[in-house]
Each structure stands twice: as C-alpha cells, then as structure tokens.
$ cat coords.cif   # mmCIF, C-alpha atoms
data_data
loop_
_atom_site.label_atom_id
_atom_site.label_comp_id
_atom_site.auth_asym_id
_atom_site.auth_seq_id
_atom_site.Cartn_x
_atom_site.Cartn_y
_atom_site.Cartn_z
CA MET A 1 -8.51 -25.31 -3.31
CA THR A 2 -4.90 -26.11 -2.44
CA SER A 3 -2.07 -24.83 -4.58
CA ALA A 4 0.80 -26.72 -2.98
CA SER A 5 0.26 -29.71 -5.28
CA ARG A 6 0.94 -27.64 -8.40
CA ARG A 7 4.19 -26.02 -9.45
CA ILE A 8 2.53 -23.08 -11.24
CA LEU A 9 0.25 -20.65 -9.42
CA GLY A 10 -2.52 -19.26 -11.63
CA PHE A 11 -3.54 -15.60 -11.28
CA GLY A 12 -6.50 -13.53 -12.38
CA ILE A 13 -6.84 -9.75 -12.25
CA VAL A 14 -10.07 -7.84 -11.57
CA GLY A 15 -9.87 -4.24 -12.78
CA VAL A 16 -7.74 -2.88 -15.62
CA GLY A 17 -6.76 0.59 -14.43
CA MET A 18 -3.15 1.78 -14.38
CA ILE A 19 -2.14 -0.18 -11.27
CA ALA A 20 -3.25 -3.44 -12.90
CA ASP A 21 -0.30 -3.11 -15.28
CA PHE A 22 2.08 -3.31 -12.32
CA HIS A 23 0.39 -6.46 -11.06
CA ALA A 24 0.54 -8.05 -14.52
CA ARG A 25 4.25 -7.28 -14.91
CA ALA A 26 4.97 -8.57 -11.41
CA ILE A 27 3.11 -11.84 -12.05
CA LYS A 28 4.99 -12.31 -15.33
CA ASP A 29 8.36 -11.90 -13.59
CA ALA A 30 7.54 -13.90 -10.46
CA PRO A 31 8.79 -17.51 -10.36
CA ASP A 32 6.11 -20.20 -10.59
CA CYS A 33 3.36 -17.67 -11.41
CA ARG A 34 1.24 -17.22 -14.53
CA LEU A 35 -1.42 -14.64 -15.39
CA ILE A 36 -4.35 -16.60 -16.81
CA GLY A 37 -7.36 -14.29 -16.81
CA VAL A 38 -8.53 -10.70 -16.51
CA CYS A 39 -11.94 -9.14 -15.89
CA SER A 40 -13.42 -5.65 -15.91
CA ARG A 41 -16.75 -4.05 -16.81
CA SER A 42 -15.46 -2.75 -20.16
CA SER A 43 -15.04 -5.39 -22.85
CA GLU A 44 -12.89 -3.01 -24.92
CA ARG A 45 -10.47 -2.17 -22.08
CA THR A 46 -10.37 -5.77 -20.87
CA GLY A 47 -9.52 -7.02 -24.35
CA GLU A 48 -6.84 -4.39 -24.84
CA PHE A 49 -5.28 -5.26 -21.47
CA ALA A 50 -5.33 -8.97 -22.32
CA ARG A 51 -3.61 -8.35 -25.65
CA ARG A 52 -0.98 -6.07 -24.12
CA HIS A 53 -0.08 -8.57 -21.40
CA GLU A 54 -0.73 -11.75 -23.43
CA VAL A 55 -3.47 -12.95 -21.08
CA PRO A 56 -5.27 -15.96 -22.56
CA PHE A 57 -8.68 -15.37 -20.96
CA ALA A 58 -10.61 -12.08 -20.81
CA THR A 59 -14.17 -11.50 -19.66
CA THR A 60 -16.57 -8.93 -18.27
CA ASP A 61 -18.22 -11.59 -16.10
CA LEU A 62 -16.56 -11.99 -12.70
CA LYS A 63 -18.30 -15.32 -12.12
CA MET A 64 -16.68 -16.73 -15.24
CA LEU A 65 -13.23 -15.64 -14.07
CA LEU A 66 -13.80 -17.10 -10.60
CA SER A 67 -15.12 -20.38 -12.02
CA ARG A 68 -11.79 -21.24 -13.63
CA THR A 69 -10.07 -24.07 -11.79
CA ASP A 70 -6.64 -23.01 -13.09
CA ILE A 71 -6.83 -19.67 -11.25
CA ASP A 72 -5.70 -19.81 -7.62
CA VAL A 73 -5.19 -16.11 -6.83
CA ILE A 74 -7.19 -13.00 -7.71
CA CYS A 75 -5.51 -9.59 -7.78
CA ILE A 76 -8.08 -6.87 -7.12
CA THR A 77 -7.15 -3.55 -8.74
CA THR A 78 -10.54 -1.86 -8.90
CA PRO A 79 -11.09 1.61 -7.36
CA SER A 80 -10.47 1.49 -3.61
CA GLY A 81 -14.12 1.76 -2.58
CA ALA A 82 -15.03 -1.15 -4.86
CA HIS A 83 -12.68 -3.71 -3.30
CA LEU A 84 -15.07 -5.44 -0.93
CA GLU A 85 -17.53 -7.04 -3.35
CA PRO A 86 -15.03 -8.80 -5.64
CA ALA A 87 -13.00 -9.82 -2.58
CA VAL A 88 -16.00 -11.53 -0.99
CA ALA A 89 -16.87 -13.22 -4.29
CA ALA A 90 -13.28 -14.41 -4.73
CA ALA A 91 -13.11 -15.71 -1.16
CA GLU A 92 -16.38 -17.61 -1.55
CA ALA A 93 -14.98 -19.16 -4.75
CA GLY A 94 -11.94 -20.37 -2.78
CA LYS A 95 -9.47 -17.98 -4.38
CA HIS A 96 -6.60 -16.37 -2.51
CA ILE A 97 -6.50 -12.58 -2.86
CA VAL A 98 -3.89 -9.91 -3.58
CA MET A 99 -5.46 -6.56 -2.68
CA GLU A 100 -4.08 -3.26 -3.95
CA LYS A 101 -3.87 -0.61 -1.21
CA PRO A 102 -5.87 0.45 0.69
CA LEU A 103 -7.81 -2.65 1.64
CA GLU A 104 -10.98 -0.54 1.50
CA VAL A 105 -12.11 2.99 2.34
CA THR A 106 -13.90 2.31 5.66
CA LEU A 107 -13.12 0.05 8.60
CA ASP A 108 -16.55 -1.57 8.37
CA ARG A 109 -15.88 -2.65 4.79
CA ILE A 110 -12.40 -3.85 5.71
CA ASP A 111 -13.76 -5.89 8.59
CA ALA A 112 -16.37 -7.48 6.31
CA MET A 113 -13.58 -8.42 3.91
CA LEU A 114 -11.41 -9.88 6.66
CA GLU A 115 -14.34 -11.91 7.96
CA ALA A 116 -15.12 -13.27 4.48
CA THR A 117 -11.54 -14.39 3.89
CA ARG A 118 -11.26 -15.85 7.39
CA LYS A 119 -14.49 -17.79 6.94
CA ALA A 120 -13.40 -19.09 3.53
CA GLY A 121 -9.92 -20.02 4.74
CA VAL A 122 -8.16 -18.11 1.97
CA VAL A 123 -5.10 -15.89 2.14
CA LEU A 124 -5.47 -12.11 1.78
CA MET A 125 -2.21 -10.33 0.95
CA PRO A 126 -2.41 -6.52 0.83
CA ILE A 127 -0.06 -4.51 -1.36
CA PHE A 128 2.24 -2.12 0.51
CA GLN A 129 5.23 -2.42 -1.78
CA ALA A 130 7.33 0.16 0.06
CA ARG A 131 7.74 -2.35 2.90
CA THR A 132 9.92 -4.55 0.68
CA GLY A 133 12.75 -2.05 0.24
CA GLU A 134 16.20 -3.06 1.48
CA ASN A 135 16.66 0.09 3.56
CA VAL A 136 13.08 0.03 4.84
CA LEU A 137 13.87 -3.41 6.24
CA ARG A 138 17.21 -2.19 7.59
CA LEU A 139 15.50 0.67 9.41
CA LYS A 140 12.84 -1.66 10.81
CA SER A 141 15.53 -4.05 12.07
CA ALA A 142 17.41 -1.22 13.80
CA LEU A 143 14.20 -0.15 15.55
CA VAL A 144 13.41 -3.69 16.68
CA SER A 145 16.95 -4.14 18.02
CA GLY A 146 16.71 -0.92 20.05
CA ARG A 147 19.47 1.07 18.34
CA PHE A 148 17.45 4.29 18.48
CA GLY A 149 16.76 4.08 22.21
CA ARG A 150 13.70 5.99 23.35
CA LEU A 151 11.82 7.50 20.43
CA VAL A 152 11.57 11.29 20.41
CA LEU A 153 9.96 12.10 17.04
CA ALA A 154 8.53 9.89 14.29
CA SER A 155 7.13 11.60 11.18
CA ALA A 156 6.10 10.97 7.57
CA TYR A 157 6.05 13.38 4.63
CA VAL A 158 4.44 12.47 1.31
CA LYS A 159 4.61 15.59 -0.84
CA TRP A 160 3.69 14.47 -4.33
CA HIS A 161 2.29 15.93 -7.52
CA ARG A 162 -0.85 14.76 -9.27
CA SER A 163 -2.18 16.50 -12.37
CA ALA A 164 -5.67 17.78 -13.04
CA VAL A 165 -6.00 14.96 -15.58
CA TYR A 166 -5.41 12.41 -12.82
CA TYR A 167 -8.48 13.72 -10.99
CA ALA A 168 -10.60 14.01 -14.14
CA ASP A 169 -11.62 10.33 -14.10
CA SER A 170 -14.69 9.02 -12.32
CA TRP A 171 -13.20 8.09 -8.95
CA HIS A 172 -9.95 9.72 -7.84
CA GLY A 173 -10.60 12.22 -5.07
CA THR A 174 -14.17 11.04 -4.46
CA LEU A 175 -15.35 10.03 -1.01
CA LYS A 176 -17.21 6.91 -2.18
CA LEU A 177 -14.51 5.29 -4.32
CA ASP A 178 -11.26 6.92 -3.15
CA GLY A 179 -12.30 7.40 0.47
CA GLY A 180 -10.82 10.90 0.46
CA GLY A 181 -7.79 12.41 -1.19
CA ALA A 182 -4.06 12.78 -0.58
CA LEU A 183 -4.00 10.94 2.75
CA ILE A 184 -5.75 7.70 1.83
CA ASN A 185 -4.47 7.33 -1.73
CA GLN A 186 -0.93 8.74 -1.74
CA GLY A 187 -0.03 9.45 1.89
CA ILE A 188 -1.02 5.95 2.95
CA HIS A 189 2.33 4.60 1.77
CA GLY A 190 4.21 6.78 4.26
CA ILE A 191 1.55 6.36 6.93
CA ASP A 192 1.80 2.57 6.74
CA LEU A 193 5.58 2.70 7.07
CA LEU A 194 5.36 5.17 9.94
CA GLN A 195 3.01 3.03 12.01
CA TRP A 196 5.07 -0.07 11.19
CA PHE A 197 8.20 1.66 12.43
CA ALA A 198 6.91 3.62 15.43
CA GLY A 199 3.63 1.91 16.27
CA MET A 200 0.15 3.40 16.21
CA PRO A 201 -0.27 6.88 17.69
CA SER A 202 -2.69 7.10 20.57
CA GLU A 203 -3.97 10.57 19.60
CA VAL A 204 -3.98 12.73 16.47
CA PHE A 205 -4.95 16.24 15.45
CA SER A 206 -5.31 16.98 11.74
CA TRP A 207 -6.17 19.72 9.27
CA ASN A 208 -7.29 19.10 5.67
CA THR A 209 -7.65 21.52 2.79
CA ARG A 210 -7.90 21.83 -1.01
CA ARG A 211 -5.32 24.25 -2.36
CA VAL A 212 -5.04 23.36 -6.07
CA HIS A 213 -7.41 20.48 -6.88
CA THR A 214 -10.44 22.41 -5.66
CA GLY A 215 -12.97 20.34 -7.62
CA ILE A 216 -12.41 17.07 -5.78
CA GLU A 217 -14.36 15.92 -2.73
CA GLY A 218 -11.32 14.84 -0.73
CA GLU A 219 -8.29 16.81 0.41
CA ASP A 220 -5.27 17.64 -1.73
CA THR A 221 -3.27 18.73 1.34
CA ALA A 222 -3.21 17.58 4.97
CA VAL A 223 -1.08 18.19 8.05
CA ALA A 224 -1.36 16.29 11.34
CA SER A 225 0.25 16.12 14.77
CA LEU A 226 0.68 12.78 16.51
CA ARG A 227 1.17 11.60 20.08
CA TYR A 228 2.44 8.08 20.67
CA PRO A 229 1.67 5.93 23.73
CA CYS A 230 5.33 6.07 24.77
CA GLY A 231 5.23 9.88 24.87
CA ALA A 232 7.02 10.51 21.57
CA LEU A 233 5.51 13.02 19.13
CA GLY A 234 5.30 13.16 15.35
CA SER A 235 3.87 14.73 12.22
CA ILE A 236 2.27 13.70 8.97
CA GLU A 237 2.22 15.93 5.88
CA ALA A 238 0.60 14.80 2.64
CA THR A 239 -0.23 16.63 -0.56
CA THR A 240 -0.84 16.05 -4.25
CA ALA A 241 -0.87 19.78 -5.01
CA MET A 242 2.85 20.67 -5.02
CA HIS A 243 5.28 20.72 -7.95
CA PRO A 244 7.19 18.66 -8.95
CA GLY A 245 6.74 15.98 -6.27
CA TRP A 246 9.45 14.89 -3.84
CA ALA A 247 10.51 11.47 -2.59
CA ARG A 248 8.48 10.07 0.29
CA ARG A 249 10.32 10.94 3.50
CA ILE A 250 10.27 9.19 6.87
CA GLU A 251 12.12 10.66 9.88
CA ILE A 252 12.82 8.60 13.00
CA CYS A 253 14.57 10.45 15.82
CA GLY A 254 15.68 8.79 19.05
CA GLU A 255 17.91 9.40 22.04
CA ASN A 256 20.71 7.21 20.64
CA GLY A 257 20.28 7.72 16.91
CA SER A 258 18.23 9.14 14.09
CA ALA A 259 17.53 8.25 10.47
CA VAL A 260 15.92 9.81 7.42
CA LEU A 261 14.56 7.59 4.66
CA GLU A 262 13.66 9.07 1.24
CA ASP A 263 11.85 6.41 -0.76
CA ASP A 264 14.27 3.54 -0.05
CA PHE A 265 17.41 5.67 0.33
CA LEU A 266 18.82 6.43 3.78
CA VAL A 267 19.94 10.05 3.49
CA ARG A 268 20.75 10.20 7.23
CA TRP A 269 21.87 7.32 9.42
CA ASP A 270 23.37 8.84 12.56
CA PHE A 271 24.01 6.86 15.75
CA ARG A 272 25.73 7.61 19.01
CA HIS A 273 27.58 4.29 18.75
CA VAL A 274 28.77 3.76 15.16
CA ARG A 275 29.08 0.23 13.80
CA GLU A 276 31.24 -0.98 10.92
CA GLU A 277 28.21 -1.68 8.70
CA ASP A 278 27.04 1.92 9.08
CA LYS A 279 29.83 3.07 6.75
CA ALA A 280 28.50 1.03 3.83
CA ILE A 281 24.98 2.31 4.45
CA LEU A 282 26.11 5.91 4.29
CA ALA A 283 28.18 5.26 1.15
CA ALA A 284 25.35 3.57 -0.76
CA ARG A 285 23.58 5.13 -3.73
CA PRO A 286 19.78 5.41 -4.14
CA ASP A 287 18.05 2.33 -5.57
CA PRO A 288 16.15 3.52 -8.68
CA THR A 289 14.04 0.35 -8.74
CA MET A 290 12.23 1.46 -5.56
CA ARG A 291 11.23 4.99 -6.60
CA SER A 292 7.77 5.94 -5.43
CA GLY A 293 6.15 7.82 -8.30
CA ALA A 294 6.20 11.19 -6.57
CA GLY A 295 5.65 13.22 -9.72
CA ALA A 296 3.18 10.85 -11.40
CA PRO A 297 1.92 7.34 -10.56
CA ASP A 298 3.48 5.77 -13.64
CA GLN A 299 6.97 6.80 -12.49
CA MET A 300 7.19 3.97 -9.97
CA THR A 301 8.43 0.49 -10.86
CA HIS A 302 6.85 -2.92 -10.35
CA VAL A 303 9.72 -4.26 -8.24
CA GLY A 304 7.88 -3.94 -4.92
CA HIS A 305 4.82 -5.68 -6.35
CA LEU A 306 7.10 -8.41 -7.72
CA ARG A 307 8.63 -8.97 -4.30
CA GLN A 308 5.23 -9.22 -2.63
CA ILE A 309 3.72 -11.55 -5.24
CA SER A 310 6.83 -13.74 -5.11
CA SER A 311 6.45 -13.87 -1.33
CA LEU A 312 2.83 -14.96 -1.69
CA ALA A 313 3.80 -17.65 -4.18
CA ASN A 314 6.45 -18.97 -1.81
CA HIS A 315 3.88 -19.01 0.99
CA LEU A 316 1.24 -20.87 -1.01
CA LEU A 317 3.55 -23.27 -2.84
CA HIS A 318 6.27 -23.87 -0.28
CA GLY A 319 4.85 -22.85 3.10
CA SER A 320 7.10 -19.87 3.80
CA ALA A 321 5.90 -17.11 6.11
CA LEU A 322 3.61 -14.40 4.72
CA GLU A 323 5.16 -11.02 5.48
CA LEU A 324 2.00 -8.87 5.43
CA ASP A 325 -1.62 -9.76 6.13
CA GLY A 326 -5.02 -8.09 6.21
CA PRO A 327 -5.17 -7.12 9.91
CA GLU A 328 -1.78 -5.45 9.62
CA ALA A 329 -2.83 -3.47 6.51
CA ARG A 330 -6.01 -2.38 8.32
CA LYS A 331 -3.93 -0.25 10.69
CA ALA A 332 -3.06 2.40 8.10
CA VAL A 333 -6.72 2.95 7.25
CA ALA A 334 -7.62 3.10 10.96
CA LEU A 335 -5.05 5.84 11.44
CA ILE A 336 -6.25 7.73 8.37
CA GLN A 337 -9.86 7.50 9.53
CA ALA A 338 -8.80 9.10 12.83
CA LEU A 339 -7.09 11.90 10.87
CA TYR A 340 -10.25 12.49 8.85
CA ALA A 341 -12.40 12.49 11.99
CA SER A 342 -10.12 15.05 13.61
CA ALA A 343 -10.14 17.34 10.58
CA LYS A 344 -13.92 17.16 10.37
CA SER A 345 -14.51 17.81 14.08
CA GLY A 346 -11.70 20.27 14.74
CA ARG A 347 -10.66 18.21 17.77
CA SER A 348 -7.95 15.72 18.61
CA MET A 349 -9.04 12.11 18.16
CA PRO A 350 -8.00 8.72 19.53
CA VAL A 351 -6.91 6.16 16.97
CA PRO A 352 -9.43 3.27 16.82
CA ALA A 353 -8.31 -0.29 17.43
#

$ encode --input "coords.cif" --output "structure tokens"
Amino acid sequence: MTSASRRILGFGIVGVGMIADFHARAIKDAPDCRLIGVCSRSSERTGEFARRHEVPFATTDLKMLLSRTDIDVICITTPSGAHLEPAVAAAEAGKHIVMEKPLEVTLDRIDAMLEATRKAGVVLMPIFQARTGENVLRLKSALVSGRFGRLVLASAYVKWHRSAVYYADSWHGTLKLDGGGALINQGIHGIDLLQWFAGMPSEVFSWNTRRVHTGIEGEDTAVASLRYPCGALGSIEATTAMHPGWARRIEICGENGSAVLEDDFLVRWDFRHVREEDKAILAARPDPTMRSGAGAPDQMTHVGHLRQISSLANHLLHGSALELDGPEARKAVALIQALYASAKSGRSMPVPA
C-alpha cells in the first residue's frame, strides 16, 4: 500500500494501556494524520478508549483492524514482550508500524520483527521520544562536530519512582512481558541517548538488585560500569525504587568541554572555547513539554510522540528522511541484554552486535 497518493494518513492502535493515550493524542495533533481504529483483547476497555478519543472503529479482532484499507499505520502499544506478533501481522498486511519502546524484550524477537518488516517493505519507526528534544539535538550536534574533543566519561542516570500499584498489573516487572525491570522499561530512555551520544560500549559490568519492589521478577535498581572502544569510561544507574523521582540525567565529559542534560534541559554546558551561542543556552529555562515522567509515567507529555509521528507522516507522505529506524533502536536492547548477562554471571560482558 502506498500512502503518498493520499493527503490523510490513517492510523490504528493495538493495545489500550496508558501509553496508548499518548499515541492517540499525538495522532490527533499531527498534521495529515487521523486515528481510525483501535484494537485490544478487552471489548470494554477498547470501547472506552474509542469513546474517549473519538475513534470511529473499535474491535477485539486484530485481523479486522488490519483489513481496513483506510488504515496505513499501526501503532503497537501492547506490553513489551507482546510486540512481535502484532508487528508481523501488521507487516504482512502491508501496514507501516510505530512501535512503542523497547522494540521487544530479546534480540531474537527484535530480529524476527526487523526481518518481517524488511520482507514486507514497510516502515518500522520505534518510539524514543527523548531524541526529539531541542537540547538533546544540540548536544548530539556538538558531539558530531567535535567540540568535546576526546571523550573521557559518558554516563546516564535514570533515578525514577514507580509505585507498588504500577507493578500490581499483570506484566510490569515480569521477565516475559517486560523483559526485566528498571533498565529495560525506564532506564532504556537514558541508555538509548547515551549510546546515541557516545557510541556503544565495548564492555560492561553490571549489578542488579530489588530494594523496594521485592515482589517483581526484574530489578528495581541497577548500576553498571562501561568501557568504550575509544578508551573512555562511563556509568549507568537506573532505579524505580527511589522517592520522589528525579529528571533523567546524561553526563558527557571531554577534554575540551563537558555537558549535563537533565531531561531536555542543559544544566551544564562548559567548553574550553566559548562561542556566542553558548550564552543563550546557559540562559535558557527548562522546557516543561519534554519532562520525562520521573515520578509517575503519566507525568510526561505527548510532545515527543507528536514529533516522531509527524516525522513519520512527512516521510510517508512527502518523502522526507526518517530520523529513527528499527536497527538503530535495537542497539539499546543489545546494550541492556549485555548488562543483564553481566549481572547474572558476575562477570564483565562484551556488548553484542
């Protein structure tokens, strides 16, 4: 199916959990996009979601959703370990896919998804909304241009709060559907940014524990040490057990400059050679539209999702470049799998390709 011949891009959503609301709001606000259908296993929850977001078509039958010729894109917002099956079905039906993070909980399942979309010739756009922030992009540009010089340290800290109620559902914190705990669900946002900024570490050593949410299968707290191919070092800290939850923090330290990013606010921007534009960066105020939901998942906004869905629409309708694809989003899960393998074995681990 080609969408370039139509002005409006039709969307369907599979899964009606909390994150589906952010997708629905983003689709509503995105130019040339319309939410046409929604599907989940619960007829009651699907109907309620459809009424709340004024979706004209609601069903519990995925085949019925995928059979609609006015739907071009499927947003998959099911639990993480249940992404593969609807993605394959959507690809085989010729639908493009927006996939909520992470792509899946194992590399084997991710690779099966990537192969299905490649074979079908459809676009797979993963959601990593933090990448769309103005200062995230500014930091990335400074790294690419070489302003930092040789990297010394590159670290990510995702110290958030999640309540006992959050883990009381059927899937959060489980190995099968969440893939683990604080690293793969919450920490992945910082981990994705870190590897995008500094590249993939060559070796990691990690410790996992459960300090507060002792009833879950995954970790509520993790700490890791990183070694990069260039010789730089780094750290990752992730938790859902602390109160009240702090902004996601990325630290990049180099021989010629260093920066600290909290959510999308640059709290430090220090360079050996100061430029005129640096003054405006240091004088700027935090952007509340890019807050991360550190204290609870519903505290974040849908702005990042809106930017990504708008980018996909521009790609499909007008041929613009797609800023993030499946192979790129795979990297964060590959790094997290190395962290889990290290914590389980008690040894340092290479990061798989």

$ closest_atom_pairs --input "coords.cif" --of "stretch 127-159 of chain A" --to "stretch 314-334 of chain A" --cutoff "12 Å" --atoms "all atoms listed in the file" --output "Markdown table"
| residue | atom | partner | partner_atom | distance |
| --- | --- | --- | --- | --- |
| A:Ile127 | CA | A:Leu324 | CA | 8.3 |
| A:Phe128 | CA | A:Ala329 | CA | 8.0 |
| A:Gln129 | CA | A:Leu324 | CA | 10.2 |
| A:Ala130 | CA | A:Leu324 | CA | 11.8 |
| A:Arg131 | CA | A:Leu324 | CA | 9.0 |
| A:Thr132 | CA | A:Glu323 | CA | 9.4 |
| A:Leu137 | CA | A:Glu323 | CA | 11.6 |

$ closest_atom_pairs --input "coords.cif" --of "stretch 185-266 of chain A" --to "stretch 166-169 of chain A" --cutoff "10 Å" --atoms "all atoms listed in the file" --output "JSON lines"
{"residue": "A:His213", "atom": "CA", "partner": "A:Tyr167", "partner_atom": "CA", "distance": 8.0}
{"residue": "A:Gly215", "atom": "CA", "partner": "A:Tyr167", "partner_atom": "CA", "distance": 8.7}
{"residue": "A:Ile216", "atom": "CA", "partner": "A:Tyr167", "partner_atom": "CA", "distance": 7.3}

$ atom_distance --input "coords.cif" --atom1 "atom CA of A:Ala93" --atom2 "atom CA of A:Pro31"
24.5 Å

$ closest_residue --input "coords.cif" --among "A:Arg275, A:His305, A:His96, A:His189" --to "A:Ala26" --atoms "all atoms listed in the file"
A:His305

$ residues_around --input "coords.cif" --residues "A:Gln337" --least-positions-apart "6" --cutoff "9 Å" --atoms "all atoms listed in the file" --output "number ranges by chain"
A: 105-107, 184, 351-352

$ resolve_selection --input "coords.cif" --expression "the PyMOL selection byres ((chain A and resi 36) around 8)" --output "NGL selection string"
:A and (10-12 or 34-35 or 37-38 or 55-57 or 70-71)

$ atom_distance --input "coords.cif" --atom1 "atom CA of A:Pro126" --atom2 "atom CA of A:Leu84"
12.8 Å

$ resolve_selection --input "coords.cif" --expression "the PyMOL selection byres ((chain A and resi 146) around 12)" --output "list in words"
Leu139, Lys140, Ser141, Ala142, Leu143, Val144, Ser145, Arg147, Phe148, Gly149, Arg150, Leu151, Phe197, Ala198, Gly254, Glu255, Asn256, Gly257, Ser258 and Phe271 of chain A

$ resolve_selection --input "coords.cif" --expression "the PyMOL selection byres ((chain A and resi 243) around 10)" --output "PyMOL selection string"
chain A and resi 159-163+240-242+244-246+294-295

$ atom_distance --input "coords.cif" --atom1 "atom CA of A:Pro288" --atom2 "atom CA of A:Glu262"
11.6 Å

$ closest_residue --input "coords.cif" --among "A:Ala182, A:Ala164, A:Leu65, A:Val303" --to "A:Thr209" --atoms "only C-alpha atoms"
A:Ala182

$ axis_aligned_box --input "coords.cif" --around "stretch 209-218 of chain A" --padding-each-side "8 Å" --output "AutoDock Vina command-line options"
--center_x -9.7 --center_y 19.5 --center_z -2.4 --size_x 25.3 --size_y 25.4 --size_z 26.4

$ closest_residue --input "coords.cif" --among "A:Pro86, A:Gly218, A:Gly133, A:Pro201" --to "A:Arg307" --atoms "all atoms listed in the file"
A:Gly133

$ closest_residue --input "coords.cif" --among "A:His302, A:Arg138, A:Lys344, A:Arg285" --to "A:Met18" --atoms "all atoms listed in the file"
A:His302
